[in-house]
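K.L.:
Can you keep this structure in mind? I'll have questions shortly.
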Amino acid sequence: LQRAAQLLEAAEPYLDLNEAARAQDGIAILQGWLPADALESAREHLHEQLSTPFVIETRRPRIDERHLVPIPLKRSSILRPFGMLMQQYGVPRFGEFDPTALFAITFAVMFGMMFGDVGHGLVFILIGLIARKYLNEFSWLFIIAGSMAIVFGFLYGSIFGLEHWLQ
């Protein structure tokens, strides 16, 4: 129950801005976490967007706040779709390991083991390549999953469900 309470507390900033954003009599306060290297860009963006003066105060998170601070995730275009799937389970916090690469490997291998077929793997790769315009970075998910299906399809000797073509 304690872990569930921590998880709900950590998820609250994503669901509820009541405490993070307040306004009264033309004055607004917004608080949150921002990577230090993005601070100047945020300051410039606020100067462009706001006609009124503003103040930005910064500080490092206290030790008791670290579990609330999400880490900025910088992933390659190949790992981004797997990262989007990972975010369905949660966001790594300050000082935690980003498991996206490990998730991508295990996802691809498990998909290949469960869907091992050379022909169907080729279809997945073709869908990923042809629909690249619509799938954007998710085309990598199709290409990687299809590639692993082909690898295991050769191991299983299966082409479009026919298992007597390959020995």
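Every chain in the structure tokens has a letter given in the order shown (A, B, ...), and although residue numbers restart at 1 in each chain, ligands are simply numbered from 1 in the order shown.
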Give the alpha helix (DSSP H) residues of segment 24-158 of chain A, as assigned by DSSP on the backbone, as a compact mmCIF listing (two decimals) with N, CA and C atoms, in the first residue's frame.
P.N.:
# COMPACT_ATOMS: atom_id res chain seq x y z
N LEU A 39 16.60 25.57 -19.60
CA LEU A 39 16.13 26.77 -18.91
C LEU A 39 16.19 28.01 -19.79
N GLU A 40 17.28 28.23 -20.48
CA GLU A 40 17.43 29.42 -21.31
C GLU A 40 16.42 29.42 -22.47
N SER A 41 16.20 28.24 -23.06
CA SER A 41 15.22 28.12 -24.14
C SER A 41 13.82 28.44 -23.62
N ALA A 42 13.49 27.98 -22.43
CA ALA A 42 12.18 28.26 -21.84
C ALA A 42 12.04 29.75 -21.56
N ARG A 43 13.10 30.36 -21.06
CA ARG A 43 13.09 31.80 -20.78
C ARG A 43 12.84 32.59 -22.07
N GLU A 44 13.52 32.23 -23.17
CA GLU A 44 13.32 32.91 -24.46
C GLU A 44 11.91 32.71 -24.97
N HIS A 45 11.39 31.51 -24.83
CA HIS A 45 10.02 31.22 -25.29
C HIS A 45 9.01 32.04 -24.49
N LEU A 46 9.21 32.16 -23.18
CA LEU A 46 8.30 32.98 -22.37
C LEU A 46 8.37 34.45 -22.77
N HIS A 47 9.57 34.95 -23.07
CA HIS A 47 9.70 36.34 -23.53
C HIS A 47 8.91 36.57 -24.81
N GLU A 48 8.92 35.58 -25.72
CA GLU A 48 8.19 35.71 -26.99
C GLU A 48 6.68 35.65 -26.77
N GLN A 49 6.24 34.80 -25.84
CA GLN A 49 4.81 34.54 -25.69
C GLN A 49 4.09 35.46 -24.71
N ARG A 80 12.54 5.60 -29.64
CA ARG A 80 11.40 6.45 -29.26
C ARG A 80 10.06 5.70 -29.22
N PRO A 81 9.72 4.86 -30.19
CA PRO A 81 8.43 4.17 -30.07
C PRO A 81 8.38 3.22 -28.88
N PHE A 82 9.50 2.59 -28.56
CA PHE A 82 9.55 1.72 -27.38
C PHE A 82 9.42 2.56 -26.11
N GLY A 83 10.00 3.76 -26.14
CA GLY A 83 9.87 4.67 -25.00
C GLY A 83 8.43 5.09 -24.78
N MET A 84 7.70 5.30 -25.88
CA MET A 84 6.29 5.66 -25.76
C MET A 84 5.50 4.52 -25.13
N LEU A 85 5.85 3.28 -25.48
CA LEU A 85 5.21 2.13 -24.84
C LEU A 85 5.58 2.06 -23.36
N MET A 86 6.85 2.34 -23.06
CA MET A 86 7.32 2.30 -21.67
C MET A 86 6.59 3.33 -20.81
N THR A 100 14.36 1.69 -21.28
CA THR A 100 13.83 1.64 -22.64
C THR A 100 14.63 0.70 -23.54
N ALA A 101 15.96 0.76 -23.51
CA ALA A 101 16.78 -0.11 -24.37
C ALA A 101 16.55 -1.58 -24.01
N LEU A 102 16.52 -1.87 -22.73
CA LEU A 102 16.27 -3.25 -22.29
C LEU A 102 14.87 -3.70 -22.71
N PHE A 103 13.89 -2.81 -22.57
CA PHE A 103 12.53 -3.12 -22.98
C PHE A 103 12.46 -3.38 -24.49
N ALA A 104 13.17 -2.57 -25.28
CA ALA A 104 13.16 -2.72 -26.74
C ALA A 104 13.71 -4.09 -27.13
N ILE A 105 14.81 -4.50 -26.51
CA ILE A 105 15.41 -5.79 -26.83
C ILE A 105 14.47 -6.94 -26.45
N THR A 106 13.97 -6.91 -25.23
CA THR A 106 13.09 -8.00 -24.79
C THR A 106 11.79 -8.02 -25.57
N PHE A 107 11.24 -6.86 -25.90
CA PHE A 107 10.01 -6.80 -26.70
C PHE A 107 10.23 -7.44 -28.06
N ALA A 108 11.34 -7.05 -28.71
CA ALA A 108 11.62 -7.57 -30.05
C ALA A 108 11.85 -9.08 -30.02
N VAL A 109 12.62 -9.56 -29.06
CA VAL A 109 12.90 -11.00 -28.97
C VAL A 109 11.62 -11.78 -28.66
N MET A 110 10.83 -11.28 -27.71
CA MET A 110 9.58 -11.98 -27.37
C MET A 110 8.61 -11.97 -28.55
N PHE A 111 8.53 -10.86 -29.27
CA PHE A 111 7.67 -10.80 -30.45
C PHE A 111 8.13 -11.83 -31.47
N GLY A 112 9.44 -11.88 -31.71
CA GLY A 112 9.98 -12.84 -32.66
C GLY A 112 9.68 -14.27 -32.25
N MET A 113 9.82 -14.58 -30.97
CA MET A 113 9.54 -15.94 -30.49
C MET A 113 8.06 -16.30 -30.65
N MET A 114 7.18 -15.35 -30.38
CA MET A 114 5.75 -15.64 -30.45
C MET A 114 5.21 -15.60 -31.88
N VAL A 118 8.81 -16.27 -41.38
CA VAL A 118 9.57 -15.49 -42.35
C VAL A 118 8.65 -14.61 -43.20
N GLY A 119 7.59 -15.17 -43.72
CA GLY A 119 6.68 -14.43 -44.60
C GLY A 119 5.97 -13.30 -43.88
N HIS A 120 5.43 -13.60 -42.71
CA HIS A 120 4.72 -12.56 -41.96
C HIS A 120 5.69 -11.48 -41.48
N GLY A 121 6.91 -11.85 -41.16
CA GLY A 121 7.92 -10.87 -40.78
C GLY A 121 8.22 -9.92 -41.92
N LEU A 122 8.30 -10.46 -43.14
CA LEU A 122 8.52 -9.61 -44.32
C LEU A 122 7.35 -8.64 -44.52
N VAL A 123 6.14 -9.12 -44.27
CA VAL A 123 4.96 -8.26 -44.38
C VAL A 123 5.05 -7.12 -43.37
N PHE A 124 5.46 -7.43 -42.14
CA PHE A 124 5.62 -6.39 -41.12
C PHE A 124 6.65 -5.35 -41.56
N ILE A 125 7.78 -5.81 -42.08
CA ILE A 125 8.82 -4.89 -42.53
C ILE A 125 8.30 -4.02 -43.67
N LEU A 126 7.58 -4.62 -44.63
CA LEU A 126 7.03 -3.84 -45.74
C LEU A 126 6.02 -2.80 -45.25
N ILE A 127 5.18 -3.17 -44.29
CA ILE A 127 4.23 -2.21 -43.73
C ILE A 127 5.00 -1.05 -43.09
N GLY A 128 6.04 -1.38 -42.34
CA GLY A 128 6.85 -0.34 -41.70
C GLY A 128 7.50 0.59 -42.70
N LEU A 129 7.96 0.05 -43.83
CA LEU A 129 8.62 0.87 -44.84
C LEU A 129 7.63 1.67 -45.68
N ILE A 130 6.56 1.01 -46.11
CA ILE A 130 5.57 1.68 -46.97
C ILE A 130 4.79 2.75 -46.21
N ARG A 132 5.71 4.45 -43.66
CA ARG A 132 6.63 5.28 -42.86
C ARG A 132 6.10 6.71 -42.71
N LYS A 133 5.45 7.20 -43.76
CA LYS A 133 4.91 8.57 -43.74
C LYS A 133 3.83 8.70 -42.66
N TYR A 134 3.03 7.67 -42.46
CA TYR A 134 1.92 7.72 -41.51
C TYR A 134 2.34 7.24 -40.12
N LEU A 135 3.25 6.29 -40.08
CA LEU A 135 3.67 5.72 -38.80
C LEU A 135 4.77 6.53 -38.12
N SER A 139 7.38 3.30 -37.39
CA SER A 139 7.79 2.38 -38.45
C SER A 139 8.95 1.51 -37.97
N TRP A 140 9.82 2.06 -37.09
CA TRP A 140 10.92 1.25 -36.54
C TRP A 140 10.40 0.07 -35.74
N LEU A 141 9.30 0.24 -35.04
CA LEU A 141 8.71 -0.85 -34.28
C LEU A 141 8.32 -1.99 -35.21
N PHE A 142 7.71 -1.66 -36.34
CA PHE A 142 7.32 -2.68 -37.32
C PHE A 142 8.54 -3.35 -37.94
N ILE A 143 9.54 -2.55 -38.27
CA ILE A 143 10.74 -3.10 -38.91
C ILE A 143 11.50 -4.02 -37.97
N ILE A 144 11.68 -3.60 -36.73
CA ILE A 144 12.40 -4.43 -35.76
C ILE A 144 11.61 -5.68 -35.42
N ALA A 145 10.31 -5.55 -35.19
CA ALA A 145 9.48 -6.71 -34.88
C ALA A 145 9.45 -7.68 -36.06
N GLY A 146 9.34 -7.16 -37.27
CA GLY A 146 9.35 -8.02 -38.46
C GLY A 146 10.68 -8.73 -38.63
N SER A 147 11.77 -8.03 -38.35
CA SER A 147 13.10 -8.65 -38.47
C SER A 147 13.25 -9.81 -37.49
N MET A 148 12.79 -9.61 -36.27
CA MET A 148 12.89 -10.69 -35.28
C MET A 148 11.96 -11.85 -35.64
N ALA A 149 10.82 -11.55 -36.23
CA ALA A 149 9.91 -12.61 -36.67
C ALA A 149 10.58 -13.43 -37.76
N ILE A 150 11.33 -12.78 -38.64
CA ILE A 150 12.05 -13.50 -39.70
C ILE A 150 13.12 -14.40 -39.10
N VAL A 151 13.90 -13.87 -38.14
CA VAL A 151 14.96 -14.67 -37.50
C VAL A 151 14.36 -15.93 -36.88
N PHE A 152 13.31 -15.77 -36.11
CA PHE A 152 12.70 -16.93 -35.46
C PHE A 152 11.92 -17.78 -36.47
N GLY A 153 11.43 -17.17 -37.55
CA GLY A 153 10.78 -17.94 -38.60
C GLY A 153 11.76 -18.93 -39.23
N PHE A 154 13.01 -18.49 -39.44
CA PHE A 154 14.02 -19.42 -39.96
C PHE A 154 14.33 -20.51 -38.93
N LEU A 155 14.37 -20.13 -37.66
CA LEU A 155 14.63 -21.14 -36.62
C LEU A 155 13.48 -22.14 -36.53
N TYR A 156 12.26 -21.67 -36.70
CA TYR A 156 11.10 -22.56 -36.63
C TYR A 156 10.81 -23.24 -37.97
K.L.:
Taking into account only C-alpha atoms, which residue in the set A:Ile56, A:Gln87, A:Asp117, A:Arg62 is nearest to Gly157 of chain A?
P.N.:
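Using only C-alpha atoms, the shortest distance to Gly157 of chain A belongs to A:Asp117.
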K.L.:
Between A:Ser51, A:Phe138, A:Ala131, A:Pro61, which one has atoms that come closest to Leu79 of chain A, using only C-alpha atoms?
P.N.:
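Using only C-alpha atoms, Leu79 of chain A sits closest to A:Phe138.
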K.L.:
Write out as a list in words the set of residues from chain A that DSSP, computed on the backbone, places in strand (DSSP E or B).
P.N.:
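Matching residues, listed in order: Ala21, Arg22, Ala23, Gln24, Ile27, Ala28, Ile29, Leu30, Pro70, Arg93, Ile159 and Leu162 of chain A.
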K.L.:
For the atom pair atom CA of Val69 of chain A and atom CA of Asp98 of chain A, what is the interatomic distance in Å to one decimal place?
P.N.:
13.6 Å
K.L.:
Please provide as a PyMOL selection string all residues within 8 Å of Ile71 of chain A, with the sequence filter that same-chain residues fewer than 3 positions apart are discarded (counting only C-alpha atoms).
P.N.:
chain A and resi 91-95
